[in-house]
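Novice: This is final_2.txt, which holds compact mmCIF, C-alpha atoms:
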# COMPACT_ATOMS: atom_id res chain seq x y z
CA MET A 1 0.00 0.00 0.00
CA MET A 2 2.76 2.41 0.99
CA ARG A 3 4.63 1.50 -2.19
CA THR A 4 1.57 2.28 -4.31
CA LYS A 5 1.11 5.67 -2.61
CA LEU A 6 4.79 6.46 -3.12
CA GLN A 7 4.51 5.60 -6.80
CA LEU A 8 1.49 7.88 -7.15
CA LEU A 9 3.31 10.73 -5.43
CA LEU A 10 6.42 10.32 -7.57
CA ALA A 11 4.58 9.88 -10.88
CA PRO A 12 4.07 13.61 -11.60
CA ALA A 13 7.72 14.33 -10.81
CA ILE A 14 8.86 11.51 -13.09
CA VAL A 15 6.65 12.79 -15.92
CA LEU A 16 7.95 16.34 -15.40
CA ILE A 17 11.59 15.26 -15.41
CA SER A 18 11.04 13.09 -18.49
CA GLY A 19 9.39 15.99 -20.27
CA VAL A 20 12.27 18.33 -19.50
CA LEU A 21 14.81 15.78 -20.69
CA TYR A 22 12.86 15.14 -23.90
CA THR A 23 12.53 18.86 -24.63
CA THR A 24 16.22 19.38 -23.99
CA LEU A 25 17.19 16.56 -26.32
CA MET A 26 14.84 17.77 -29.05
CA ALA A 27 16.11 21.31 -28.75
CA SER A 28 19.74 20.32 -29.00
CA GLY A 29 19.27 17.40 -31.38
CA PRO A 30 22.09 15.32 -32.78
CA LYS A 31 25.33 17.20 -33.23
CA ARG A 32 26.66 17.81 -36.72
CA THR A 33 29.58 15.50 -37.40
CA LEU A 34 30.64 17.39 -40.52
CA GLN A 35 33.69 19.44 -39.57
CA PRO A 36 33.80 22.91 -41.12
CA GLU A 37 36.63 23.92 -43.42
CA LYS A 38 38.55 27.03 -42.47
CA GLY A 39 37.88 29.86 -44.85
CA CYS A 40 35.14 31.87 -46.41
CA VAL A 41 31.87 30.56 -47.75
CA PHE A 42 32.16 32.81 -50.78
CA MET A 43 35.81 32.02 -51.48
CA THR A 44 34.92 28.34 -51.68
CA VAL A 45 31.66 28.69 -53.59
CA MET A 46 33.35 30.98 -56.06
CA GLY A 47 36.40 28.78 -56.45
CA GLU A 48 39.17 30.60 -54.59
CA GLN A 49 39.51 27.72 -52.19
CA SER A 50 39.34 24.17 -53.45
CA SER A 51 35.98 22.46 -53.09
CA GLU A 52 36.91 19.36 -55.00
CA GLY A 53 34.86 16.42 -53.80
CA PHE A 54 32.55 18.53 -51.62
CA ILE A 55 29.49 17.11 -53.39
CA ARG A 56 29.92 13.96 -51.31
CA TYR A 57 28.88 15.93 -48.22
CA LYS A 58 25.45 16.57 -49.70
CA SER A 59 22.97 14.27 -47.94
CA ASP A 60 19.48 14.78 -46.58
CA GLU A 61 20.79 14.34 -43.04
CA ASN A 62 23.62 16.85 -43.42
CA ILE A 63 21.27 19.39 -45.01
CA GLN A 64 18.72 18.98 -42.22
CA PHE A 65 21.36 19.48 -39.52
CA ALA A 66 22.87 22.48 -41.31
CA VAL A 67 19.50 24.17 -41.77
CA ARG A 68 18.50 23.43 -38.16
CA ASP A 69 21.70 24.95 -36.76
CA GLY A 70 21.58 27.92 -39.12
CA LEU A 71 18.02 28.75 -38.11
CA GLN A 72 18.89 28.39 -34.44
CA TRP A 73 21.77 30.84 -34.86
CA LEU A 74 19.49 33.31 -36.64
CA SER A 75 16.87 33.06 -33.91
CA LYS A 76 19.45 34.33 -31.42
CA ALA A 77 20.62 37.07 -33.79
CA GLN A 78 17.25 38.82 -33.85
CA LEU A 79 17.23 42.32 -32.39
CA PRO A 80 14.70 43.48 -29.76
CA ASN A 81 12.66 45.40 -32.37
CA GLY A 82 12.20 42.22 -34.43
CA GLY A 83 14.61 43.21 -37.17
CA TYR A 84 18.00 41.88 -38.24
CA GLY A 85 21.04 43.88 -39.27
CA ALA A 86 24.12 43.51 -41.43
CA GLY A 87 25.94 46.48 -39.97
CA SER A 88 27.35 49.58 -41.62
CA HIS A 89 29.71 49.77 -44.57
CA SER A 90 32.16 51.77 -42.44
CA ALA A 91 32.33 49.13 -39.68
CA GLN A 92 32.39 45.79 -41.45
CA HIS A 93 34.65 44.34 -38.79
CA ILE A 94 31.71 44.20 -36.35
CA LYS A 95 30.37 40.66 -36.59
CA ASP A 96 28.24 40.58 -33.43
CA PRO A 97 24.62 40.53 -34.70
CA GLN A 98 23.46 42.28 -31.51
CA ALA A 99 25.86 45.17 -32.01
CA VAL A 100 24.36 46.52 -35.26
CA LYS A 101 21.19 48.36 -36.28
CA ALA A 102 18.30 46.51 -37.89
CA ASP A 103 17.82 47.11 -41.60
CA PRO A 104 14.92 45.99 -43.84
CA ALA A 105 17.09 44.27 -46.49
CA THR A 106 18.76 41.89 -44.03
CA THR A 107 15.47 41.32 -42.19
CA ALA A 108 13.75 40.41 -45.45
CA MET A 109 16.50 37.90 -46.30
CA VAL A 110 16.11 36.23 -42.90
CA GLY A 111 12.32 36.24 -43.31
CA MET A 112 12.60 34.46 -46.66
CA ALA A 113 15.01 31.92 -45.17
CA LEU A 114 12.53 31.18 -42.37
CA LEU A 115 9.69 30.77 -44.86
CA ARG A 116 11.65 28.39 -47.08
CA SER A 117 12.52 26.27 -44.07
CA GLY A 118 8.81 25.66 -43.49
CA THR A 119 8.29 28.18 -40.68
CA THR A 120 4.86 29.85 -40.50
CA LEU A 121 3.43 32.56 -38.25
CA LYS A 122 1.75 29.90 -36.11
CA LYS A 123 3.86 26.75 -36.43
CA GLY A 124 7.50 25.86 -36.15
CA THR A 125 10.24 26.46 -33.62
CA HIS A 126 10.94 29.89 -35.10
CA ALA A 127 7.38 31.09 -35.68
CA GLN A 128 7.82 34.03 -33.30
CA ASN A 129 11.02 35.08 -35.08
CA LEU A 130 9.13 35.21 -38.36
CA LYS A 131 6.22 37.11 -36.87
CA LYS A 132 8.48 39.71 -35.26
CA ALA A 133 10.50 40.13 -38.47
CA LEU A 134 7.32 40.64 -40.49
CA ASP A 135 6.00 43.18 -37.96
CA TYR A 136 9.28 45.10 -38.06
CA LEU A 137 9.17 45.30 -41.87
CA LEU A 138 5.53 46.35 -42.04
CA GLU A 139 6.02 49.05 -39.40
CA THR A 140 9.12 50.32 -41.21
CA ILE A 141 7.37 50.50 -44.58
CA GLU A 142 4.26 52.13 -43.10
CA SER A 143 6.36 54.92 -41.58
CA THR A 144 7.64 55.88 -45.04
CA GLU A 145 6.52 59.29 -46.29
CA ASN A 146 5.10 59.45 -49.82
CA ASP A 147 7.87 61.76 -51.05
CA GLU A 148 10.72 59.63 -49.68
CA PRO A 149 12.62 57.61 -52.31
CA TYR A 150 13.40 54.69 -49.97
CA ILE A 151 11.45 52.64 -47.43
CA THR A 152 13.93 53.24 -44.62
CA GLN A 153 15.97 56.07 -43.17
CA VAL A 154 18.74 53.68 -42.15
CA ARG A 155 21.58 54.47 -44.57
CA ASN A 156 25.16 53.40 -45.31
CA THR A 157 24.57 49.71 -44.61
CA GLN A 158 26.80 47.00 -46.03
CA ILE A 159 23.97 45.87 -48.28
CA GLN A 160 23.19 49.35 -49.65
CA SER A 161 26.85 50.15 -50.31
CA LYS A 162 27.47 46.92 -52.18
CA LEU A 163 24.13 46.36 -53.94
CA GLY A 164 22.33 49.69 -54.11
CA ALA A 165 20.38 52.37 -52.29
CA ASN A 166 16.98 50.83 -53.11
CA ILE A 167 17.81 47.26 -52.12
CA GLU A 168 15.49 47.42 -49.08
CA ALA A 169 12.38 47.86 -51.24
CA VAL A 170 13.58 45.11 -53.60
CA LEU A 171 14.16 42.46 -50.94
CA ALA A 172 11.16 43.48 -48.84
CA ALA A 173 8.95 43.09 -51.93
CA GLN A 174 10.27 39.59 -52.52
CA PHE A 175 9.62 38.63 -48.90
CA LEU A 176 6.10 40.07 -48.79
CA SER A 177 5.22 38.34 -52.08
CA SER A 178 6.39 35.04 -50.62
CA ILE A 179 4.21 35.63 -47.53
CA LEU A 180 1.14 36.33 -49.69
CA ASP A 181 1.76 33.31 -51.91
CA ARG A 182 1.72 31.02 -48.90
CA ASP A 183 -1.52 32.61 -47.61
CA LEU A 184 -0.43 31.94 -44.04
CA VAL A 185 -2.92 31.73 -41.21
CA GLY A 186 -2.73 34.86 -39.08
CA ILE A 187 -1.61 37.40 -41.69
CA ASP A 188 -3.28 40.76 -42.24
CA LYS A 189 -3.49 40.39 -46.01
CA LYS A 190 -4.71 43.92 -46.73
CA ARG A 191 -1.92 45.41 -44.68
CA ILE A 192 0.72 43.30 -46.42
CA VAL A 193 -0.66 44.18 -49.87
CA ARG A 194 -0.53 47.90 -49.00
CA CYS A 195 3.10 47.60 -47.96
CA LEU A 196 3.96 45.53 -51.02
CA ASP A 197 2.37 48.21 -53.20
CA ILE A 198 4.64 50.79 -51.56
CA CYS A 199 7.72 48.67 -52.27
CA ILE A 200 6.72 48.08 -55.90
CA ALA A 201 6.09 51.81 -56.36
CA ARG A 202 9.62 52.55 -55.06
CA ILE A 203 11.12 49.93 -57.39
CA GLN A 204 9.27 51.26 -60.42
CA GLU A 205 10.09 54.89 -59.57
CA GLY A 206 13.72 53.85 -59.12
CA THR A 207 13.97 52.24 -62.56
CA ASP A 208 15.66 54.52 -65.08
CA GLU A 209 15.00 54.74 -68.82
CA HIS A 210 17.44 51.90 -69.48
CA GLY A 211 15.80 49.51 -67.01
CA LYS A 212 18.49 49.89 -64.35
CA GLN A 213 17.85 50.68 -60.67
CA ARG A 214 19.10 54.12 -59.70
CA GLY A 215 21.48 54.57 -56.78
CA ALA A 216 23.52 51.53 -57.74
CA GLY A 217 26.13 50.27 -55.31
CA TRP A 218 29.46 48.63 -56.03
CA ALA A 219 27.65 45.76 -57.78
CA GLY A 220 24.48 47.59 -58.77
CA VAL A 221 23.63 45.15 -61.54
CA LEU A 222 22.61 42.71 -58.80
CA GLN A 223 20.14 45.20 -57.31
CA SER A 224 18.61 45.56 -60.79
CA GLY A 225 18.47 41.80 -61.30
CA MET A 226 16.72 41.25 -57.99
CA ALA A 227 14.36 44.12 -58.76
CA ASN A 228 13.33 42.22 -61.88
CA SER A 229 12.61 39.17 -59.72
CA ALA A 230 10.67 41.28 -57.21
CA LEU A 231 8.40 42.68 -59.93
CA GLU A 232 7.69 39.21 -61.30
CA ALA A 233 7.00 37.82 -57.81
CA ALA A 234 4.54 40.65 -57.08
CA GLN A 235 2.71 39.92 -60.33
CA VAL A 236 2.25 36.30 -59.28
CA VAL A 237 0.40 37.32 -56.11
CA GLY A 238 -1.87 39.75 -57.94
CA VAL A 239 -0.16 43.10 -57.41
CA GLU A 240 -0.36 45.52 -60.33
CA VAL A 241 3.02 45.92 -62.00
CA SER A 242 3.88 48.12 -64.97
CA GLU A 243 4.60 45.87 -67.95
CA GLU A 244 6.57 48.71 -69.52
CA VAL A 245 8.90 48.95 -66.51
CA LEU A 246 9.25 45.18 -66.29
CA GLU A 247 10.10 44.93 -69.97
CA ARG A 248 12.74 47.66 -69.59
CA SER A 249 14.20 45.81 -66.63
CA ARG A 250 14.44 42.53 -68.53
CA LYS A 251 15.92 44.24 -71.57
CA TYR A 252 18.66 45.89 -69.51
CA GLN A 253 19.64 42.57 -67.92
CA LYS A 254 19.61 40.62 -71.18
CA GLU A 255 21.67 43.23 -73.00
CA ASN A 256 24.53 42.70 -70.55
CA TYR A 257 25.17 39.39 -72.32
CA ASN A 258 25.91 38.83 -76.01
CA GLU A 259 24.73 35.36 -76.96
CA GLU A 260 26.62 35.42 -80.26
CA ASP A 261 30.14 35.72 -78.89
CA GLY A 262 29.60 35.19 -75.15
CA SER A 263 30.89 38.64 -74.21
CA VAL A 264 29.58 40.24 -71.03
CA LYS A 265 29.13 43.91 -70.15
CA THR A 266 30.43 44.44 -66.61
CA ASP A 267 30.29 48.24 -66.34
CA ASP A 268 27.53 48.07 -63.71
CA GLY A 269 28.90 44.94 -62.07
CA ALA A 270 32.24 46.10 -60.66
CA GLY A 271 33.98 44.51 -63.64
CA ILE A 272 32.94 41.03 -62.52
CA ILE A 273 31.35 38.75 -65.12
CA LEU A 274 29.33 36.63 -62.71
CA TYR A 275 27.24 39.54 -61.43
CA SER A 276 26.06 40.53 -64.90
CA VAL A 277 25.66 37.10 -66.42
CA SER A 278 23.53 35.75 -63.56
CA GLY A 279 21.15 38.65 -64.12
CA SER A 280 20.98 37.86 -67.83
CA VAL A 281 19.99 34.28 -67.01
CA ARG A 282 17.28 35.46 -64.62
CA ALA A 283 15.80 38.08 -66.96
CA SER A 284 15.50 35.62 -69.86
CA ALA A 285 14.29 32.60 -67.85
CA LYS A 286 10.55 33.22 -68.24
CA GLU A 287 10.69 33.80 -71.99
CA ALA A 288 13.06 30.86 -72.51
CA ARG A 289 10.61 28.59 -70.70
CA LYS A 290 7.78 29.58 -73.08
CA VAL A 291 9.99 28.97 -76.11
CA LYS A 292 11.01 25.51 -74.90
CA ALA A 293 7.40 24.52 -74.22
CA ASP A 294 6.14 25.80 -77.59
CA ILE A 295 8.97 24.17 -79.54
CA ARG A 296 8.43 20.86 -77.74
CA LYS A 297 4.71 20.97 -78.58
CA ALA A 298 5.34 21.91 -82.23
CA LYS A 299 7.76 19.00 -82.65
CA ALA A 300 5.28 16.58 -81.07
CA GLU A 301 2.57 17.77 -83.47
CA GLY A 302 4.89 17.46 -86.47
CA LYS A 303 4.82 21.18 -87.30
CA ILE A 304 8.63 21.32 -87.38
CA ALA A 305 11.40 18.77 -87.70
CA SER A 306 12.60 17.06 -84.53
CA ASN A 307 16.06 18.57 -85.07
CA ALA A 308 14.83 22.08 -85.92
CA GLU A 309 17.07 24.85 -84.61
CA VAL A 310 15.50 27.21 -82.12
CA ASN A 311 15.64 30.68 -83.68
CA ALA A 312 13.37 33.51 -84.79
CA GLN A 313 12.58 31.85 -88.11
CA THR A 314 11.49 28.61 -86.45
CA LEU A 315 9.34 30.53 -83.97
CA GLU A 316 7.61 32.32 -86.85
CA GLU A 317 6.93 28.93 -88.43
CA ILE A 318 5.06 27.76 -85.35
CA GLY A 319 2.94 30.90 -85.11
CA TYR A 320 4.90 33.69 -83.40
CA ALA A 321 4.50 37.19 -84.84
CA ALA A 322 7.71 38.49 -86.44
CA GLY A 323 8.56 40.92 -83.61
CA ASP A 324 7.80 38.38 -80.89
CA ALA A 325 9.78 35.71 -82.72
CA GLN A 326 12.88 37.91 -82.65
CA LYS A 327 12.39 38.87 -79.00
CA TYR A 328 11.75 35.34 -77.73
CA GLY A 329 14.40 33.79 -79.95
CA THR A 330 17.00 36.16 -78.54
CA ALA A 331 15.84 35.53 -74.97
CA TYR A 332 16.15 31.77 -75.49
CA LYS A 333 19.71 32.11 -76.81
CA VAL A 334 20.70 34.45 -73.98
CA TYR A 335 19.32 32.05 -71.39
CA GLU A 336 20.92 28.89 -72.76
CA SER A 337 24.29 30.52 -73.34
CA ALA A 338 24.40 32.65 -70.19
CA LYS A 339 23.46 29.80 -67.85
CA GLU A 340 26.45 27.83 -69.13
CA THR A 341 28.76 30.82 -68.77
CA ALA A 342 27.52 31.55 -65.24
CA GLN A 343 28.65 28.10 -64.07
CA LYS A 344 32.01 27.85 -65.83
CA ASP A 345 35.05 27.42 -63.60
CA GLU A 346 36.82 30.38 -65.18
CA VAL A 347 33.85 32.61 -64.33
CA LEU A 348 33.55 31.34 -60.77
CA ASN A 349 37.28 31.45 -60.05
CA GLY A 350 39.74 34.16 -59.12
CA PHE A 351 37.79 37.28 -58.16
CA GLY A 352 40.08 38.23 -55.31
CA ASN A 353 37.37 39.94 -53.23
CA ASN A 354 34.54 37.50 -52.72
CA GLY A 355 31.56 38.37 -50.58
CA GLY A 356 27.79 38.25 -50.46
CA GLU A 357 27.52 39.64 -53.98
CA GLU A 358 28.93 36.46 -55.48
CA PHE A 359 26.68 34.35 -53.32
CA LEU A 360 23.58 36.25 -54.43
CA SER A 361 24.68 35.79 -58.04
CA TYR A 362 24.89 32.06 -57.45
CA LEU A 363 21.42 32.04 -55.88
CA GLN A 364 20.07 34.08 -58.79
CA THR A 365 21.40 31.54 -61.29
CA GLY A 366 19.86 28.60 -59.42
CA GLU A 367 16.47 30.27 -59.01
CA SER A 368 16.50 31.12 -62.71
CA LEU A 369 16.81 27.43 -63.56
CA LEU A 370 13.70 26.72 -61.49
CA VAL A 371 11.76 29.64 -62.98
CA SER A 372 12.52 28.19 -66.41
CA LYS A 373 11.66 24.60 -65.32
CA ASP A 374 15.17 23.59 -66.31
CA GLU A 375 16.22 20.14 -65.09
CA ASP A 376 19.81 21.36 -64.88
CA TRP A 377 18.89 22.86 -61.50
CA LYS A 378 19.51 19.47 -59.88
CA ASP A 379 23.17 19.43 -60.89
CA TRP A 380 23.51 23.05 -59.78
CA TYR A 381 21.98 22.18 -56.39
CA ASP A 382 24.16 19.10 -55.80
CA ASN A 383 27.35 21.02 -56.56
CA MET A 384 26.39 24.06 -54.53
CA SER A 385 24.93 22.39 -51.45
CA GLY A 386 27.92 20.12 -50.85
CA ARG A 387 30.20 23.14 -50.79
CA ILE A 388 27.96 25.17 -48.50
CA LEU A 389 27.59 22.34 -46.01
CA LYS A 390 31.31 21.89 -45.62
CA ILE A 391 32.01 25.53 -44.78
CA GLN A 392 29.33 26.20 -42.19
CA ASN A 393 30.78 27.62 -38.98
CA GLU A 394 30.64 25.49 -35.84
CA ASP A 395 28.05 27.81 -34.28
CA GLY A 396 25.68 27.26 -37.23
CA SER A 397 26.37 30.52 -39.06
CA TRP A 398 28.12 31.36 -42.31
CA ASN A 399 30.09 34.53 -43.04
CA GLY A 400 32.01 36.23 -45.81
CA HIS A 401 35.52 37.62 -45.59
CA HIS A 402 35.11 40.39 -48.16
CA CYS A 403 32.50 42.90 -49.28
CA ILE A 404 29.27 41.73 -47.64
CA THR A 405 30.77 40.06 -44.58
CA SER A 406 27.71 40.09 -42.31
CA PRO A 407 27.13 36.65 -40.76
CA VAL A 408 23.39 37.38 -40.55
CA PHE A 409 23.05 38.19 -44.25
CA CYS A 410 25.37 35.36 -45.29
CA THR A 411 23.62 32.80 -43.09
CA ALA A 412 20.22 33.76 -44.47
CA THR A 413 21.52 33.51 -48.04
CA SER A 414 23.11 30.11 -47.35
CA LEU A 415 19.83 28.80 -45.97
CA LEU A 416 17.94 30.12 -48.99
CA LEU A 417 20.29 28.13 -51.20
CA LEU A 418 20.06 24.93 -49.17
CA THR A 419 16.24 25.05 -49.00
CA VAL A 420 15.52 26.26 -52.55
CA GLU A 421 13.72 23.00 -53.31
CA GLU A 422 10.98 24.06 -50.89
CA ASP A 423 10.14 27.05 -53.10
CA ILE A 424 9.91 25.26 -56.46
CA ALA A 425 6.16 25.83 -56.82
CA PHE A 426 6.40 29.59 -56.26
CA LEU A 427 9.45 30.03 -58.49
CA GLN A 428 7.80 28.09 -61.28
CA LYS A 429 4.67 30.25 -60.99
CA MET A 430 6.91 33.22 -61.73
CA GLY A 431 7.92 31.58 -65.00
CA LYS A 432 4.40 31.20 -66.38
CA GLU A 433 3.35 33.48 -69.24
Turn the structure described in the file into structure tokens.
Specialist:
Amino acid sequence: MMRTKLQLLLAPAIVLISGVLYTTLMASGPKRTLQPEKGCVFMTVMGEQSSEGFIRYKSDENIQFAVRDGLQWLSKAQLPNGGYGAGSHSAQHIKDPQAVKADPATTAMVGMALLRSGTTLKKGTHAQNLKKALDYLLETIESTENDEPYITQVRNTQIQSKLGANIEAVLAAQFLSSILDRDLVGIDKKRIVRCLDICIARIQEGTDEHGKQRGAGWAGVLQSGMANSALEAAQVVGVEVSEEVLERSRKYQKENYNEEDGSVKTDDGAGIILYSVSGSVRASAKEARKVKADIRKAKAEGKIASNAEVNAQTLEEIGYAAGDAQKYGTAYKVYESAKETAQKDEVLNGFGNNGGEEFLSYLQTGESLLVSKDEDWKDWYDNMSGRILKIQNEDGSWNGHHCITSPVFCTATSLLLLTVEEDIAFLQKMGKE
């Protein structure tokens, strides 16, 4: 009898202790056994440090552990106001994420990384991080005066100096479009649409007559390329976008690459081929996808020979108007040629000053393959993910050694690359005509 009473008294304590132990184990999880390489994530991805054989590190388990630890590091990097910061251009040596000001561009990148990892506003270990980041962005955008050219008064950040003065509106627009596409439980849809409209207005107002974003940074061509993506993403979720501005944006990006001889204009890309060519791939991805689908259908129906060359003449034969045939034929050639150039060793190697700009170029190339429904994305992902996994820091973060060095920005970008497969549906929506 006494034994039974003792068992009853101890039962709640046993359950409580077991629960604490279980929670602790789940929170910590298995430790990563993959030992990080010394060096910079961008130096390795871009070829300055050898990554030979890194593809063997790509496994579902390693990816899951890397994403888990990266998200955990980001959760601790969040500032009290809900934002995340990359720090100022004049103090790039400061790596402590709690010692910098929040900025919308970095916060948007973290928000997109959380979304791609499966986090929602209601579910997931990091749901509160996502909610606070979203609130910070919405409050920042809503405080913008109508006559202000930017959505934030925070200036001279690493991201602005390297990518461009309007990068906040560009990245915030991408994030808000991703939120709307997921139609998450708990969002104030009208509020988000209003803020997205503000961002799109800033992007369109900031597009010059050539299709380039004004206020370009050191690698301003990347800001323009991501602006193109932001406009397409907003269209997918039903926001009104100027077709004239979007067409100018695409034209500017495509004209940086000559499909005939493979030459690349790098005037707006700090003299670095990768920056420009990745934008050319992205700007032509949607049109190239339409061409491939129409050519495939025409061949199946016997309208053209199975070995017919894809060019303007062939496109006219299957029903394209003369002007459209020239436009789409050129876009197809730019896409096919530029995507090969963007992944060549000689393009990825030897930049000397690698930072977040190169990493964003790499992400832009991979997302372009998905927008275009190009099966080559699988090879791109295998090669990239193995490299990224091997150079994650022991604390779960990633960082650059040059240009954009911020561990917050670099960690968010790394996670976006590793989890890109989770956004296939949205990216492919962006490629529909």
Novice: Which residues are near segment 321-325 of chain A? Cut-off 8 Å, all atoms listed in the file, ignore same chain within fewer than 5 positions. Put them as a tab-separated table (two decimals) with C-alpha atoms, in the frame of the given file.
Specialist:
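Wrote it out as around31.tsv, contents follow:
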chain	number	residue	atom	x	y	z
A	311	ASN	CA	15.64	30.68	-83.68
A	312	ALA	CA	13.37	33.51	-84.79
A	313	GLN	CA	12.58	31.85	-88.11
A	315	LEU	CA	9.34	30.53	-83.97
A	316	GLU	CA	7.61	32.32	-86.85
Novice: What does the structure give for the distance between atom CA of Gln364 of chain A and atom CA of Met226 of chain A, in Å to one decimal?
Specialist: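 Atom CA of Gln364 of chain A sits 8.0 Å away from atom CA of Met226 of chain A.
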Novice: Which residues are near Asp294 of chain A? Cut-off 9 Å, all atoms listed in the file, ignore same chain within fewer than 5 positions. Put them as a list of chain:residue names.
Specialist: A:Arg289, A:Lys299, A:Leu315, A:Ile318
Novice: Between atom CA of Gly396 of chain A and atom CA of Gln174 of chain A, what is the distance in Å, rounded to a tenth?
Specialist: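 Going from atom CA of Gly396 of chain A over to atom CA of Gln174 of chain A covers 25.0 Å.
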Novice: Which distance in Å separates atom CA of Ala227 of chain A and atom CA of Ile203 of chain A, to one decimal?
Specialist: 6.8 Å
Novice: For segment 288-305 of chain A, I'd like the enclosing box, axis-aligned and padded by 5 Å on every side, reported as AutoDock Vina command-line options with centre and edge lengths in Å to one decimal.
Specialist:
--center_x 7.8 --center_y 23.7 --center_z -79.2 --size_x 20.5 --size_y 24.3 --size_z 27.0
Novice: Write out as a list of chain:residue names which residues come within 12 Å of Ile198 of chain A when counting all atoms listed in the file, dropping same-chain ones fewer than 6 positions away.
Specialist: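 My list of contacting residues is A:Leu138, A:Thr140, A:Ile141, A:Glu142, A:Ser143, A:Thr144, A:Glu145, A:Asn146, A:Asp147, A:Glu148, A:Pro149, A:Tyr150, A:Ile151, A:Thr152, A:Glu168, A:Ala169, A:Val170, A:Ala172, A:Ala173, A:Leu176, A:Arg191, A:Ile192, A:Gln204, A:Glu205, A:Ala234, A:Val239, A:Glu240, A:Val241.
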Novice: Using C-alpha atoms, can you write the selected residues to a file as an mmCIF file, in the frame of the given file?
Specialist:
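After the write, part.cif holds the following:
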data_model
loop_
_atom_site.group_PDB
_atom_site.id
_atom_site.type_symbol
_atom_site.label_atom_id
_atom_site.label_comp_id
_atom_site.auth_asym_id
_atom_site.auth_seq_id
_atom_site.Cartn_x
_atom_site.Cartn_y
_atom_site.Cartn_z
ATOM 1 C CA LEU A 138 5.530 46.350 -42.040
ATOM 2 C CA THR A 140 9.120 50.320 -41.210
ATOM 3 C CA ILE A 141 7.370 50.500 -44.580
ATOM 4 C CA GLU A 142 4.260 52.130 -43.100
ATOM 5 C CA SER A 143 6.360 54.920 -41.580
ATOM 6 C CA THR A 144 7.640 55.880 -45.040
ATOM 7 C CA GLU A 145 6.520 59.290 -46.290
ATOM 8 C CA ASN A 146 5.100 59.450 -49.820
ATOM 9 C CA ASP A 147 7.870 61.760 -51.050
ATOM 10 C CA GLU A 148 10.720 59.630 -49.680
ATOM 11 C CA PRO A 149 12.620 57.610 -52.310
ATOM 12 C CA TYR A 150 13.400 54.690 -49.970
ATOM 13 C CA ILE A 151 11.450 52.640 -47.430
ATOM 14 C CA THR A 152 13.930 53.240 -44.620
ATOM 15 C CA GLU A 168 15.490 47.420 -49.080
ATOM 16 C CA ALA A 169 12.380 47.860 -51.240
ATOM 17 C CA VAL A 170 13.580 45.110 -53.600
ATOM 18 C CA ALA A 172 11.160 43.480 -48.840
ATOM 19 C CA ALA A 173 8.950 43.090 -51.930
ATOM 20 C CA LEU A 176 6.100 40.070 -48.790
ATOM 21 C CA ARG A 191 -1.920 45.410 -44.680
ATOM 22 C CA ILE A 192 0.720 43.300 -46.420
ATOM 23 C CA GLN A 204 9.270 51.260 -60.420
ATOM 24 C CA GLU A 205 10.090 54.890 -59.570
ATOM 25 C CA ALA A 234 4.540 40.650 -57.080
ATOM 26 C CA VAL A 239 -0.160 43.100 -57.410
ATOM 27 C CA GLU A 240 -0.360 45.520 -60.330
ATOM 28 C CA VAL A 241 3.020 45.920 -62.000
#
Novice: Select, from A:Pro104, A:Pro30, A:Gly400, A:Gly82, the residue with the minimum atom-to-atom distance to Thr157 of chain A, counting only C-alpha atoms.
Specialist: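 Residue with the minimum atom-to-atom distance to Thr157 of chain A: A:Pro104.
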Novice: Show which residues sit within 9 Å of Lys132 of chain A, as a list in words. Count all atoms listed in the file, and ignore same-chain residues fewer than 3 positions away.
Specialist: Gln78, Asn81, Gly82, Gly83, Ala127, Gln128, Asn129, Asp135, Tyr136 and Leu137 of chain A
Novice: Taking into account all atoms listed in the file, which residue in the set A:Glu61, A:Glu247, A:Asp395, A:Asp69 is nearest to Leu415 of chain A?
Specialist: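 Nearest candidate to Leu415 of chain A out of A:Glu61, A:Glu247, A:Asp395, A:Asp69: A:Asp69.
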Novice: May I have the residues within 12 Å of Glu232 of chain A as a PyMOL selection string, using all atoms listed in the file and disregarding those fewer than 2 positions away in the same chain?
Specialist: chain A and resi 170+173-174+177-178+200+203+225-230+234-243+245-247+249-250+282-283+285-286+371+426-433
